[in-house]
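Dropping coords-v1.tsv in here (TSV, C-alpha atoms and all ligand atoms):
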chain	number	residue	atom	x	y	z
A	1167	MET	CA	-115.01	-19.65	202.82
A	1168	LYS	CA	-114.71	-15.91	202.27
A	1169	ALA	CA	-117.81	-13.75	202.89
A	1170	ILE	CA	-118.68	-10.12	202.19
A	1171	ARG	CA	-121.42	-7.99	203.70
A	1172	LYS	CA	-123.12	-5.24	201.68
A	1173	LYS	CA	-125.93	-2.78	202.21
A	1174	ALA	CA	-128.38	-1.93	199.43
A	1175	ALA	CA	-130.04	1.48	199.88
A	1176	ALA	CA	-133.45	2.60	198.59
A	1177	LYS	CA	-133.89	5.46	196.14
A	1178	ILE	CA	-136.52	8.17	195.93
A	1179	ASN	CA	-137.34	10.47	193.02
A	1180	LEU	CA	-137.35	14.16	193.89
A	1181	GLY	CA	-138.61	14.80	190.36
A	1182	LEU	CA	-140.01	12.44	187.73
A	1183	ASP	CA	-141.05	13.48	184.24
A	1184	VAL	CA	-142.02	11.38	181.24
A	1185	LEU	CA	-140.93	13.09	178.02
A	1186	GLY	CA	-142.60	10.56	175.73
A	1187	LYS	CA	-142.60	6.97	174.50
A	1188	ARG	CA	-139.92	5.69	172.16
A	1189	ASP	CA	-140.57	3.45	169.13
A	1190	ASP	CA	-139.09	0.49	171.05
A	1191	GLY	CA	-141.77	0.90	173.76
A	1192	TYR	CA	-139.46	2.41	176.39
A	1193	HIS	CA	-140.45	5.66	178.06
A	1194	GLU	CA	-138.11	8.61	177.76
A	1195	LEU	CA	-137.67	9.78	181.35
A	1196	ARG	CA	-136.10	12.72	183.16
A	1197	MET	CA	-135.71	12.11	186.87
A	1198	VAL	CA	-133.91	13.62	189.84
A	1199	MET	CA	-132.80	10.71	192.01
A	1200	GLU	CA	-131.63	10.59	195.62
A	1201	THR	CA	-130.55	7.67	197.79
A	1202	VAL	CA	-131.97	7.32	201.31
A	1203	GLY	CA	-130.81	5.37	204.36
A	1204	ILE	CA	-133.38	2.55	204.22
A	1205	CYS	CA	-131.24	-0.48	203.43
A	1206	ASP	CA	-131.46	-4.18	202.65
A	1207	ARG	CA	-128.52	-6.21	203.98
A	1208	LEU	CA	-126.77	-8.88	201.97
A	1209	THR	CA	-124.15	-11.43	202.95
A	1210	LEU	CA	-122.37	-13.07	200.03
A	1211	THR	CA	-120.40	-16.23	200.77
A	1212	ALA	CA	-118.23	-18.10	198.28
A	1213	THR	CA	-118.98	-21.84	198.37
A	1214	ARG	CA	-117.13	-24.90	197.04
A	1215	ALA	CA	-120.46	-26.31	195.85
A	1216	LYS	CA	-121.18	-24.85	192.42
A	1217	GLY	CA	-124.24	-22.77	191.62
A	1218	ILE	CA	-126.03	-19.85	193.29
A	1219	ARG	CA	-128.32	-20.25	196.29
A	1220	LEU	CA	-130.41	-17.42	197.73
A	1221	LYS	CA	-132.18	-17.14	201.07
A	1222	THR	CA	-134.41	-14.18	201.97
A	1223	ASN	CA	-136.62	-13.06	204.86
A	1224	ARG	CA	-139.37	-12.19	202.33
A	1225	GLY	CA	-140.74	-15.64	201.60
A	1226	PHE	CA	-142.92	-14.46	198.70
A	1227	LEU	CA	-139.92	-13.34	196.61
A	1228	PRO	CA	-138.47	-15.69	193.99
A	1229	ARG	CA	-135.14	-17.29	194.92
A	1230	ASP	CA	-134.01	-18.14	191.40
A	1231	GLY	CA	-133.10	-16.17	188.26
A	1232	ARG	CA	-136.27	-14.09	188.67
A	1233	ASN	CA	-134.69	-12.45	191.71
A	1234	LEU	CA	-132.58	-9.48	190.62
A	1235	ALA	CA	-129.91	-10.28	193.24
A	1236	TYR	CA	-129.56	-13.81	191.85
A	1237	ARG	CA	-129.51	-12.53	188.26
A	1238	ALA	CA	-126.75	-10.03	189.02
A	1239	ALA	CA	-124.55	-12.76	190.52
A	1240	GLN	CA	-125.23	-15.10	187.63
A	1241	LEU	CA	-124.36	-12.45	185.04
A	1242	LEU	CA	-120.95	-11.59	186.54
A	1243	MET	CA	-119.99	-15.14	187.57
A	1244	GLU	CA	-120.80	-16.66	184.17
A	1245	GLU	CA	-118.99	-13.90	182.33
A	1246	ALA	CA	-115.86	-14.29	184.48
A	1247	GLY	CA	-116.04	-18.11	184.55
A	1248	VAL	CA	-115.97	-18.22	188.37
A	1249	GLU	CA	-115.41	-21.85	189.51
A	1250	ASP	CA	-116.84	-21.46	193.04
A	1251	GLY	CA	-120.51	-21.21	193.94
A	1252	LEU	CA	-122.25	-18.40	195.84
A	1253	TYR	CA	-124.65	-18.25	198.78
A	1254	ILE	CA	-126.65	-15.00	199.03
A	1255	ASP	CA	-128.40	-14.18	202.31
A	1256	LEU	CA	-130.75	-11.27	201.54
A	1257	TYR	CA	-132.37	-9.49	204.48
A	1258	LYS	CA	-134.95	-7.10	203.04
A	1259	LYS	CA	-136.09	-3.96	204.80
A	1260	ILE	CA	-136.96	-1.91	201.68
A	1261	PRO	CA	-140.67	-2.41	200.87
A	1262	VAL	CA	-141.20	-4.49	197.70
A	1263	ALA	CA	-142.88	-3.08	194.56
A	1264	ALA	CA	-143.06	0.31	196.21
A	1265	GLY	CA	-141.26	2.71	193.84
A	1266	LEU	CA	-138.05	2.51	195.89
A	1267	ALA	CA	-135.92	0.38	193.52
A	1268	GLY	CA	-135.32	-2.25	196.21
A	1269	GLY	CA	-134.68	-5.09	193.78
A	1270	SER	CA	-132.41	-2.92	191.62
A	1271	SER	CA	-130.42	-1.88	194.67
A	1272	ASP	CA	-129.99	-5.52	195.71
A	1273	ALA	CA	-128.70	-6.26	192.20
A	1274	ALA	CA	-126.24	-3.35	192.42
A	1275	ALA	CA	-124.96	-4.54	195.82
A	1276	VAL	CA	-124.48	-8.06	194.43
A	1277	LEU	CA	-122.55	-6.71	191.42
A	1278	GLU	CA	-120.21	-4.85	193.80
A	1279	GLY	CA	-119.99	-7.77	196.22
A	1280	VAL	CA	-119.28	-10.46	193.60
A	1281	ASN	CA	-116.67	-8.18	192.01
A	1282	GLU	CA	-114.89	-7.87	195.38
A	1283	LEU	CA	-115.41	-11.44	196.58
A	1284	PHE	CA	-113.93	-13.06	193.47
A	1285	GLY	CA	-111.42	-10.29	192.71
A	1286	LEU	CA	-112.84	-9.63	189.24
A	1287	GLY	CA	-111.33	-6.14	189.06
A	1288	LEU	CA	-114.26	-4.50	187.23
A	1289	SER	CA	-114.46	-0.69	187.46
A	1290	ARG	CA	-117.54	1.12	188.72
A	1291	SER	CA	-118.53	2.07	185.16
A	1292	GLU	CA	-118.09	-1.55	184.03
A	1293	LEU	CA	-120.42	-2.62	186.85
A	1294	MET	CA	-122.92	0.05	185.79
A	1295	GLU	CA	-122.80	-1.25	182.23
A	1296	ARG	CA	-123.51	-4.82	183.46
A	1297	GLY	CA	-126.28	-3.37	185.68
A	1298	ALA	CA	-128.09	-1.83	182.70
A	1299	ARG	CA	-128.58	-5.36	181.34
A	1300	ILE	CA	-130.45	-6.31	184.53
A	1301	GLY	CA	-132.75	-3.30	184.91
A	1302	ALA	CA	-133.09	0.40	184.17
A	1303	ASP	CA	-132.48	1.53	187.78
A	1304	VAL	CA	-129.49	-0.74	188.47
A	1305	PRO	CA	-126.76	1.58	187.06
A	1306	TYR	CA	-128.09	4.37	189.28
A	1307	CYS	CA	-128.07	2.06	192.32
A	1308	VAL	CA	-124.37	1.36	191.65
A	1309	MET	CA	-123.71	5.09	191.38
A	1310	LYS	CA	-125.94	6.31	194.30
A	1311	GLY	CA	-126.41	9.85	195.61
A	1312	PRO	CA	-128.09	12.82	193.94
A	1313	ALA	CA	-128.24	12.36	190.16
A	1314	LEU	CA	-130.15	13.25	187.01
A	1315	ALA	CA	-131.33	10.10	185.22
A	1316	GLU	CA	-132.33	10.34	181.56
A	1317	GLY	CA	-133.09	7.96	178.70
A	1318	PHE	CA	-134.89	5.05	180.35
A	1319	GLY	CA	-132.94	5.89	183.52
A	1320	GLU	CA	-129.49	4.68	182.48
A	1321	ILE	CA	-127.97	8.03	181.37
A	1322	LEU	CA	-126.69	9.46	184.64
A	1323	THR	CA	-125.23	12.81	185.66
A	1324	PRO	CA	-124.19	13.39	189.30
A	1325	LEU	CA	-125.83	16.41	190.98
A	1326	ASP	CA	-125.03	18.56	194.00
A	1327	PRO	CA	-126.08	17.10	197.37
A	1328	LEU	CA	-129.54	17.65	198.81
A	1329	PRO	CA	-129.23	20.25	201.62
A	1330	GLU	CA	-129.55	18.80	205.13
A	1331	CYS	CA	-133.08	17.53	205.72
A	1332	HIS	CA	-135.09	14.71	207.28
A	1333	ILE	CA	-137.22	12.31	205.29
A	1334	VAL	CA	-140.33	10.42	206.37
A	1335	LEU	CA	-141.39	7.63	204.05
A	1336	ALA	CA	-144.72	5.82	204.18
A	1337	LYS	CA	-146.00	2.95	202.07
A	1338	PRO	CA	-149.68	2.01	201.76
A	1339	ALA	CA	-150.55	-1.69	201.95
A	1340	ALA	CA	-151.46	-1.70	198.25
A	1341	ARG	CA	-148.80	-2.36	195.63
A	1342	ALA	CA	-148.47	-0.55	192.31
A	1343	SER	CA	-147.16	-2.58	189.39
A	1344	THR	CA	-144.72	-0.41	187.43
A	1345	ALA	CA	-145.90	-2.00	184.15
A	1346	GLN	CA	-149.55	-1.24	184.92
A	1347	VAL	CA	-148.77	2.36	185.94
A	1348	PHE	CA	-146.94	3.01	182.66
A	1349	ALA	CA	-149.68	1.27	180.64
A	1350	ARG	CA	-152.27	3.63	182.14
A	1351	PHE	CA	-149.97	6.61	181.71
A	1352	ASP	CA	-149.88	5.84	177.97
A	1353	GLU	CA	-153.61	6.56	177.81
A	1354	LEU	CA	-153.03	10.19	178.85
A	1355	ALA	CA	-153.01	12.75	176.05
A	1356	ASN	CA	-150.93	15.36	177.89
A	1357	TRP	CA	-149.60	16.27	181.30
A	1358	ALA	CA	-147.86	19.16	183.05
A	1359	HIS	CA	-144.09	18.73	183.18
A	1360	PRO	CA	-142.37	19.30	186.56
A	1361	ASP	CA	-139.57	21.87	186.63
A	1362	ILE	CA	-136.60	19.47	186.65
A	1363	ASP	CA	-134.17	22.23	185.56
A	1364	GLY	CA	-135.38	24.46	188.42
A	1365	GLN	CA	-134.87	21.61	190.85
A	1366	MET	CA	-131.30	21.01	189.65
A	1367	GLU	CA	-130.67	24.75	189.98
A	1368	GLY	CA	-131.98	24.56	193.58
A	1369	LEU	CA	-129.54	21.71	194.32
A	1370	LYS	CA	-126.69	23.69	192.82
A	1371	ARG	CA	-127.50	26.69	195.01
A	1372	GLY	CA	-128.07	24.51	198.10
A	1373	ASP	CA	-131.60	25.93	198.32
A	1374	LEU	CA	-133.86	23.26	199.85
A	1375	LYS	CA	-136.98	25.43	199.45
A	1376	GLN	CA	-136.42	25.68	195.71
A	1377	VAL	CA	-135.73	21.95	195.41
A	1378	VAL	CA	-139.00	21.22	197.20
A	1379	ARG	CA	-140.97	23.85	195.23
A	1380	CYS	CA	-139.94	22.09	192.02
A	1381	MET	CA	-140.93	18.58	193.20
A	1382	GLY	CA	-143.30	16.81	190.84
A	1383	ASN	CA	-144.02	13.26	189.69
A	1384	VAL	CA	-146.21	12.84	186.60
A	1385	LEU	CA	-146.95	9.20	187.51
A	1386	GLU	CA	-149.07	10.42	190.44
A	1387	LEU	CA	-151.70	11.19	187.77
A	1388	VAL	CA	-152.30	7.49	187.27
A	1389	THR	CA	-151.22	5.91	190.57
A	1390	ILE	CA	-153.40	8.13	192.81
A	1391	PRO	CA	-156.69	6.97	191.23
A	1392	MET	CA	-155.47	3.36	191.72
A	1393	VAL	CA	-154.15	3.90	195.28
A	1394	PRO	CA	-155.99	6.87	196.87
A	1395	GLU	CA	-153.97	6.43	200.09
A	1396	VAL	CA	-151.15	8.24	198.26
A	1397	SER	CA	-153.07	11.55	198.45
A	1398	ALA	CA	-154.03	10.97	202.07
A	1399	LEU	CA	-150.42	10.28	203.05
A	1400	LYS	CA	-149.21	13.41	201.24
A	1401	GLU	CA	-151.79	15.50	203.10
A	1402	LEU	CA	-150.83	13.96	206.44
A	1403	MET	CA	-147.15	14.75	205.81
A	1404	MET	CA	-147.93	18.36	204.86
A	1405	GLY	CA	-150.16	18.67	207.94
A	1406	CYS	CA	-147.19	17.64	210.07
A	1407	GLY	CA	-144.99	20.44	208.70
A	1408	ALA	CA	-143.33	18.83	205.67
A	1409	ALA	CA	-141.76	21.34	203.27
A	1410	GLY	CA	-143.00	19.05	200.48
A	1411	ALA	CA	-144.44	15.56	200.00
A	1412	MET	CA	-144.57	13.40	196.89
A	1413	MET	CA	-144.90	9.86	195.58
A	1414	SER	CA	-141.65	8.08	194.67
A	1415	GLY	CA	-141.27	6.39	191.27
A	1416	SER	CA	-144.38	4.56	190.12
A	1417	GLY	CA	-145.49	4.44	193.75
A	1418	PRO	CA	-147.21	3.89	195.96
A	1419	SER	CA	-144.58	5.01	198.55
A	1420	VAL	CA	-144.86	8.65	199.63
A	1421	PHE	CA	-142.04	10.69	201.15
A	1422	GLY	CA	-142.06	13.99	203.00
A	1423	ILE	CA	-139.07	16.32	203.26
A	1424	PHE	CA	-138.70	18.10	206.60
A	1425	GLU	CA	-136.34	20.91	207.60
A	1426	ASP	CA	-137.05	20.55	211.33
A	1427	PRO	CA	-136.06	17.17	212.86
A	1428	GLU	CA	-138.79	17.51	215.52
A	1429	ASP	CA	-141.48	17.91	212.84
A	1430	ALA	CA	-140.09	14.81	211.12
A	1431	LYS	CA	-140.26	12.80	214.35
A	1432	ARG	CA	-143.83	13.97	214.97
A	1433	ALA	CA	-144.80	13.04	211.41
A	1434	TYR	CA	-143.21	9.62	211.83
A	1435	SER	CA	-145.27	8.96	214.99
A	1436	ARG	CA	-148.45	10.34	213.44
A	1437	LEU	CA	-148.08	8.25	210.27
A	1438	ARG	CA	-147.43	5.09	212.23
A	1439	GLU	CA	-150.93	5.53	213.62
A	1440	ALA	CA	-152.47	6.26	210.20
A	1441	PRO	CA	-154.57	3.46	208.67
A	1442	GLN	CA	-153.38	4.47	205.18
A	1443	ALA	CA	-149.74	3.54	205.95
A	1444	ALA	CA	-148.60	-0.07	206.24
A	1445	GLU	CA	-144.90	0.74	206.68
A	1446	VAL	CA	-143.30	3.99	207.89
A	1447	PHE	CA	-139.63	5.02	208.07
A	1448	LEU	CA	-137.73	8.03	209.38
A	1449	THR	CA	-134.54	8.53	207.43
A	1450	GLU	CA	-132.12	10.96	205.76
A	1451	PRO	CA	-130.24	11.24	202.49
A	1452	TYR	CA	-127.78	8.35	202.31
A	1453	GLU	CA	-124.14	8.79	203.25
A	1454	PRO	CA	-122.01	5.90	201.99
A	1455	GLY	CA	-119.83	4.48	204.78
A	1456	PRO	CA	-116.45	2.76	204.38
A	1457	GLY	CA	-116.51	-0.92	203.48
A	1458	THR	CA	-120.17	-1.67	204.01
A	1459	GLY	CA	-121.71	0.44	201.29
A	1460	GLY	CA	-123.37	2.86	203.70
A	1461	GLU	CA	-125.04	3.23	207.05
A	1462	ASP	CA	-128.72	2.91	207.66
A	1463	ASP	CA	-130.88	3.85	210.59
A	1464	ASP	CA	-130.70	0.87	212.87
B	1	LIG	P1	-138.83	0.50	190.85
B	1	LIG	O1	-138.72	1.66	191.79
B	1	LIG	O2	-137.56	0.22	190.07
B	1	LIG	O3	-140.07	0.48	190.03
B	1	LIG	P2	-139.83	-1.12	192.94
B	1	LIG	O4	-139.17	-0.66	194.21
B	1	LIG	O5	-141.18	-0.61	192.68
B	1	LIG	O6	-138.88	-0.82	191.74
B	1	LIG	P3	-138.99	-3.78	193.58
B	1	LIG	O7	-139.12	-3.79	195.06
B	1	LIG	O8	-137.62	-3.68	193.02
B	1	LIG	O9	-139.93	-2.67	192.95
B	1	LIG	O10	-139.72	-5.11	193.07
B	1	LIG	C1	-140.47	-5.19	191.89
B	1	LIG	C2	-140.69	-6.67	191.53
B	1	LIG	O11	-139.42	-7.28	191.30
B	1	LIG	C3	-141.34	-7.47	192.65
B	1	LIG	O12	-142.65	-7.78	192.27
B	1	LIG	C4	-140.51	-8.71	192.84
B	1	LIG	O13	-141.19	-9.91	192.63
B	1	LIG	C5	-139.37	-8.60	191.83
B	1	LIG	N1	-138.05	-8.78	192.47
B	1	LIG	C6	-137.04	-9.50	191.97
B	1	LIG	N2	-135.96	-9.47	192.77
B	1	LIG	C7	-136.28	-8.70	193.83
B	1	LIG	C8	-135.59	-8.30	195.01
B	1	LIG	N3	-134.32	-8.68	195.26
B	1	LIG	N4	-136.22	-7.46	195.86
B	1	LIG	C9	-137.49	-7.07	195.60
B	1	LIG	N5	-138.20	-7.44	194.52
B	1	LIG	C10	-137.62	-8.25	193.63
Could I get this file's structure written as structure tokens?
Amino acid sequence: MKAIRKKAAAKINLGLDVLGKRDDGYHELRMVMETVGICDRLTLTATRAKGIRLKTNRGFLPRDGRNLAYRAAQLLMEEAGVEDGLYIDLYKKIPVAAGLAGGSSDAAAVLEGVNELFGLGLSRSELMERGARIGADVPYCVMKGPALAEGFGEILTPLDPLPECHIVLAKPAARASTAQVFARFDELANWAHPDIDGQMEGLKRGDLKQVVRCMGNVLELVTIPMVPEVSALKELMMGCGAAGAMMSGSGPSVFGIFEDPEDAKRAYSRLREAPQAAEVFLTEPYEPGPGTGGEDDD
């Protein structure tokens, strides 16, 4: 039977601001997103046996409708009345529950893959609309690249590319539940807003220093007390020559932006030795490649 291979890339937030909480409980966000070359790999195979089956190298993840990859396939296949079944082989490299939108990116890759595999003919914006029903970050993961995300993350505006740089990403062993981080954030009375407009201006001018100067993530206020390794990892990155270092999303992953590739390599080696980091990656902004949905580092 026909099979399709896809890559699902991680995202980082170069800026993350919370504007407030809406009456429906959702947080009004303003975020500068970027995609990086740390990728999960998916193989989607059409099967004569009906139903969806999912296999993954992360045994602790659910393999049913609680898995976002499964849910994405189910949504499109039910809507289109696809007669065949689907086998999803999900090889995860993106750390789980780490602020890197790994599950959302898997869902986006499945939306694209199922659309191609069964010839459904949905446009990119139709896939993004279906993605919003699965999770707030899924439309962005279909879109990819530098973007401003507003609303609860679903209102997207493409931005100018991040100037050439090297990114080191480190994740502490601890996990940060997004729900818990936002619940604690709600207890804050006020917070300083990062300069998202200044950061977009920096991207427009191709000025990496300005982009980095404007980096800020208000969720660090609550995640750092829960996972102190975040501060330690930021300091280690800066000590290795990073132009800037920050937590991504609700954390606890930390990334450093480096202008000099040698500094980035040194930081990568140094962080791999650091007890505060359980997983470390050396990567770059993501460049989509033909057919596969992008290249990653290995
Ligand atoms: P975000 O940046 O959107 O907050 P995240 O990177 O912090 O997301 P994910 O890795 O997407 O978090 O996983 C969050 C939760 O979603 C996990 O606890 C996991 O059980 C569940 N989940 C469902 N499907 C997947 C998947 N395909 N990959 C990873 N996690 C998944």
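The interatomic distance for the pair atom CA of Glu1200 of chain A and atom CA of Pro1312 of chain A works out to 4.5 Å.
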Applying 8 Å and all atoms listed in the file, which residues near Ala1264 of chain A remain after dropping the ones on its own chain fewer than 6 positions away? List them as a PDB file with C-alpha atoms, in the frame of the given file.
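What landed in out17.pdb:
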ATOM      1  CA  LYS A1337    -146.000   2.950 202.070  1.00  0.00           C
ATOM      2  CA  ARG A1341    -148.800  -2.360 195.630  1.00  0.00           C
ATOM      3  CA  ALA A1342    -148.470  -0.550 192.310  1.00  0.00           C
ATOM      4  CA  SER A1416    -144.380   4.560 190.120  1.00  0.00           C
ATOM      5  CA  GLY A1417    -145.490   4.440 193.750  1.00  0.00           C
ATOM      6  CA  PRO A1418    -147.210   3.890 195.960  1.00  0.00           C
ATOM      7  CA  SER A1419    -144.580   5.010 198.550  1.00  0.00           C
TER       8      SER A1419
END
**OP:** For ligand LIG 1 (chain B), list the contacting residues at 10 Å or closer, counting only C-alpha atoms and all ligand atoms, as an NGL selection string.
**Re:** :A and (1174 or 1176-1179 or 1206 or 1220 or 1222 or 1224 or 1226-1238 or 1256-1273 or 1276 or 1301-1304 or 1307 or 1319 or 1341-1345 or 1347 or 1414-1419)
Interface rows for segment 1375-1453 of chain A against segment 1355-1370 of chain A: nearest pair, Å to one decimal, 6 Å, only C-alpha atoms, as a Markdown table:
| residue | atom | partner | partner_atom | distance |
| --- | --- | --- | --- | --- |
| A:Gln1376 | CA | A:Gly1368 | CA | 5.1 |
| A:Val1377 | CA | A:Gln1365 | CA | 4.7 |
| A:Cys1380 | CA | A:Gln1365 | CA | 5.2 |
| A:Gly1382 | CA | A:Pro1360 | CA | 5.0 |
Original post:
Counting only C-alpha atoms, what is within 6 Å of Val1378 of chain A, bar same-chain residues fewer than 3 positions away, as a list of chain:residue names?
Top reply: A:Lys1375, A:Met1381, A:Gly1410
**OP:** Record the distance separating atom CA of Lys1172 of chain A and atom CA of Gly1279 of chain A, expressed in Å with one decimal.
**Re:** 6.8 Å
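Of note, atom CA of Cys1331 of chain A and atom CA of Phe1424 of chain A are spaced 5.7 Å apart.
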Subject >> Neighbour residues at most 12 Å from (-150.7, 7.9, 182.2) (all atoms listed in the file) as a VMD selection string >> reply: chain A and resid 1183 to 1187 1193 1344 to 1358 1383 to 1392 1416
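If all atoms listed in the file are the atoms counted, then among A:Cys1406, A:Leu1322, A:Ile1170, A:Leu1374 the closest residue to Asn1281 of chain A is A:Ile1170.
Applying the 12 Å criterion to (-151.7, 1.3, 209.3) in file coordinates and using only C-alpha atoms, one obtains the residues Ala1336, Lys1337, Pro1338, Ala1339, Ala1340, Glu1395, Leu1399, Ser1435, Arg1436, Leu1437, Arg1438, Glu1439, Ala1440, Pro1441, Gln1442, Ala1443, Ala1444, Glu1445 and Val1446 of chain A.
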Residues of the last selection are to be written out with C-alpha atoms, as a compact mmCIF listing (two decimals), in the coordinates of the input.
# COMPACT_ATOMS: atom_id res chain seq x y z
CA ALA A 1336 -144.72 5.82 204.18
CA LYS A 1337 -146.00 2.95 202.07
CA PRO A 1338 -149.68 2.01 201.76
CA ALA A 1339 -150.55 -1.69 201.95
CA ALA A 1340 -151.46 -1.70 198.25
CA GLU A 1395 -153.97 6.43 200.09
CA LEU A 1399 -150.42 10.28 203.05
CA SER A 1435 -145.27 8.96 214.99
CA ARG A 1436 -148.45 10.34 213.44
CA LEU A 1437 -148.08 8.25 210.27
CA ARG A 1438 -147.43 5.09 212.23
CA GLU A 1439 -150.93 5.53 213.62
CA ALA A 1440 -152.47 6.26 210.20
CA PRO A 1441 -154.57 3.46 208.67
CA GLN A 1442 -153.38 4.47 205.18
CA ALA A 1443 -149.74 3.54 205.95
CA ALA A 1444 -148.60 -0.07 206.24
CA GLU A 1445 -144.90 0.74 206.68
CA VAL A 1446 -143.30 3.99 207.89
Subject >> Nearest candidate to Leu1325 of chain A (options A:Ala1215, A:Met1403, A:Met1199, A:Ile1423; using only C-alpha atoms) >> reply: A:Met1199
Will you model N, CA, C and O atoms for segment 1293-1308 of chain A and pass it back as a PDB file, keeping the file's coordinate frame?
ATOM      1  N   LEU A1293    -119.302  -2.045 186.093  1.00  0.00           N
ATOM      2  CA  LEU A1293    -120.420  -2.620 186.850  1.00  0.00           C
ATOM      3  C   LEU A1293    -121.738  -1.971 186.445  1.00  0.00           C
ATOM      4  O   LEU A1293    -122.769  -2.636 186.323  1.00  0.00           O
ATOM      5  N   MET A1294    -121.700  -0.650 186.206  1.00  0.00           N
ATOM      6  CA  MET A1294    -122.920   0.050 185.790  1.00  0.00           C
ATOM      7  C   MET A1294    -123.394  -0.459 184.437  1.00  0.00           C
ATOM      8  O   MET A1294    -124.596  -0.624 184.205  1.00  0.00           O
ATOM      9  N   GLU A1295    -122.446  -0.737 183.563  1.00  0.00           N
ATOM     10  CA  GLU A1295    -122.800  -1.250 182.230  1.00  0.00           C
ATOM     11  C   GLU A1295    -123.459  -2.627 182.353  1.00  0.00           C
ATOM     12  O   GLU A1295    -124.476  -2.911 181.711  1.00  0.00           O
ATOM     13  N   ARG A1296    -122.891  -3.490 183.237  1.00  0.00           N
ATOM     14  CA  ARG A1296    -123.510  -4.820 183.460  1.00  0.00           C
ATOM     15  C   ARG A1296    -124.897  -4.623 184.082  1.00  0.00           C
ATOM     16  O   ARG A1296    -125.842  -5.334 183.754  1.00  0.00           O
ATOM     17  N   GLY A1297    -125.015  -3.632 184.992  1.00  0.00           N
ATOM     18  CA  GLY A1297    -126.280  -3.370 185.680  1.00  0.00           C
ATOM     19  C   GLY A1297    -127.402  -3.011 184.717  1.00  0.00           C
ATOM     20  O   GLY A1297    -128.553  -3.428 184.900  1.00  0.00           O
ATOM     21  N   ALA A1298    -127.066  -2.249 183.667  1.00  0.00           N
ATOM     22  CA  ALA A1298    -128.090  -1.830 182.700  1.00  0.00           C
ATOM     23  C   ALA A1298    -128.737  -3.023 182.022  1.00  0.00           C
ATOM     24  O   ALA A1298    -129.877  -2.956 181.563  1.00  0.00           O
ATOM     25  N   ARG A1299    -128.007  -4.162 181.974  1.00  0.00           N
ATOM     26  CA  ARG A1299    -128.580  -5.360 181.340  1.00  0.00           C
ATOM     27  C   ARG A1299    -129.587  -6.031 182.269  1.00  0.00           C
ATOM     28  O   ARG A1299    -130.383  -6.855 181.831  1.00  0.00           O
ATOM     29  N   ILE A1300    -129.537  -5.687 183.557  1.00  0.00           N
ATOM     30  CA  ILE A1300    -130.450  -6.310 184.530  1.00  0.00           C
ATOM     31  C   ILE A1300    -131.721  -5.473 184.694  1.00  0.00           C
ATOM     32  O   ILE A1300    -132.828  -5.997 184.762  1.00  0.00           O
ATOM     33  N   GLY A1301    -131.566  -4.154 184.737  1.00  0.00           N
ATOM     34  CA  GLY A1301    -132.750  -3.300 184.910  1.00  0.00           C
ATOM     35  C   GLY A1301    -132.358  -1.831 184.809  1.00  0.00           C
ATOM     36  O   GLY A1301    -131.210  -1.462 185.072  1.00  0.00           O
ATOM     37  N   ALA A1302    -133.353  -1.012 184.456  1.00  0.00           N
ATOM     38  CA  ALA A1302    -133.090   0.400 184.170  1.00  0.00           C
ATOM     39  C   ALA A1302    -132.524   1.163 185.366  1.00  0.00           C
ATOM     40  O   ALA A1302    -131.719   2.084 185.195  1.00  0.00           O
ATOM     41  N   ASP A1303    -132.932   0.786 186.595  1.00  0.00           N
ATOM     42  CA  ASP A1303    -132.480   1.530 187.780  1.00  0.00           C
ATOM     43  C   ASP A1303    -131.153   1.008 188.351  1.00  0.00           C
ATOM     44  O   ASP A1303    -130.609   1.607 189.275  1.00  0.00           O
ATOM     45  N   VAL A1304    -130.673  -0.125 187.843  1.00  0.00           N
ATOM     46  CA  VAL A1304    -129.490  -0.740 188.470  1.00  0.00           C
ATOM     47  C   VAL A1304    -128.227   0.140 188.324  1.00  0.00           C
ATOM     48  O   VAL A1304    -127.502   0.320 189.315  1.00  0.00           O
ATOM     49  N   PRO A1305    -127.955   0.718 187.137  1.00  0.00           N
ATOM     50  CA  PRO A1305    -126.760   1.580 187.060  1.00  0.00           C
ATOM     51  C   PRO A1305    -126.809   2.716 188.090  1.00  0.00           C
ATOM     52  O   PRO A1305    -125.815   3.008 188.754  1.00  0.00           O
ATOM     53  N   TYR A1306    -127.984   3.307 188.272  1.00  0.00           N
ATOM     54  CA  TYR A1306    -128.090   4.370 189.280  1.00  0.00           C
ATOM     55  C   TYR A1306    -127.794   3.818 190.677  1.00  0.00           C
ATOM     56  O   TYR A1306    -127.134   4.480 191.485  1.00  0.00           O
ATOM     57  N   CYS A1307    -128.284   2.629 190.972  1.00  0.00           N
ATOM     58  CA  CYS A1307    -128.070   2.060 192.320  1.00  0.00           C
ATOM     59  C   CYS A1307    -126.601   1.723 192.557  1.00  0.00           C
ATOM     60  O   CYS A1307    -126.166   1.672 193.701  1.00  0.00           O
ATOM     61  N   VAL A1308    -125.828   1.513 191.496  1.00  0.00           N
ATOM     62  CA  VAL A1308    -124.370   1.360 191.650  1.00  0.00           C
ATOM     63  C   VAL A1308    -123.770   2.730 191.949  1.00  0.00           C
ATOM     64  O   VAL A1308    -122.916   2.889 192.815  1.00  0.00           O
TER      65      VAL A1308
END
